[in-house]
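Report on the following structure.
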Amino acid sequence: MEDKLKIKLLIADRVYPLTVDTSQEEGLRSASKKIDAMIKQFEENYAVRDKQDVLAMCALQFASQVEQKQTENAIDGPTLERLKKINNLLFDYLEKK
């Protein structure tokens with residue numbers, strides 16, 4: 001049985017207290033840092049009205065990356081290229097917003 005650890009993660013200027021297995025701590029802290037870096041990038045590059053918009057954009061970006069990795073292993077080249085074009089269109093749309 002793994003030892004539990006109480007940690008606090010700061011994401012988008014909010015503190016999130018969590019109780020996690022010690023083996024999860026490093027991954028969660030790394031993920032938290034990546035989220036904050038992406039938030040900063042979106043705030044610098046896009047006209048963002050509030051943190052919820054930024055967090056939604058981060059969630060979309062991370063989900064898109066996961067989906068792309070899964071589909072890269074299961075699809076052929078032309079389909080992958082179409083998905084990349086769709087992803088680029090989405091980011092072009094968000095940039096204009």
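We name chains A, B, ... following the order of the structure tokens; residues begin at 1 in each chain, and ligands are numbered from 1 as shown.
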Non-local contacts of A:Thr71 (10 Å; only C-alpha atoms; under 5 positions in same chain excluded) as a list in words:
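The filter keeps Gln65, Val66, Asp76, Thr79, Leu80 and Leu83 of chain A.
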Show me, as a PyMOL selection string, the residues that have an atom within 8 Å of A:Ile39 when counting only C-alpha atoms, minus same-chain residues fewer than 6 positions from it.
chain A and resi 12+54-55+58
For a quick check of understanding, using only C-alpha atoms, which of A:Tyr46, A:Glu67, A:Ala74, A:Pro17 has the smallest distance to A:Asp92?
A:Tyr46
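In this comparison, which uses only C-alpha atoms, the residue of A:Glu72, A:Glu25, A:Glu95, A:Asp13 approaching A:Met57 most closely is A:Glu95.
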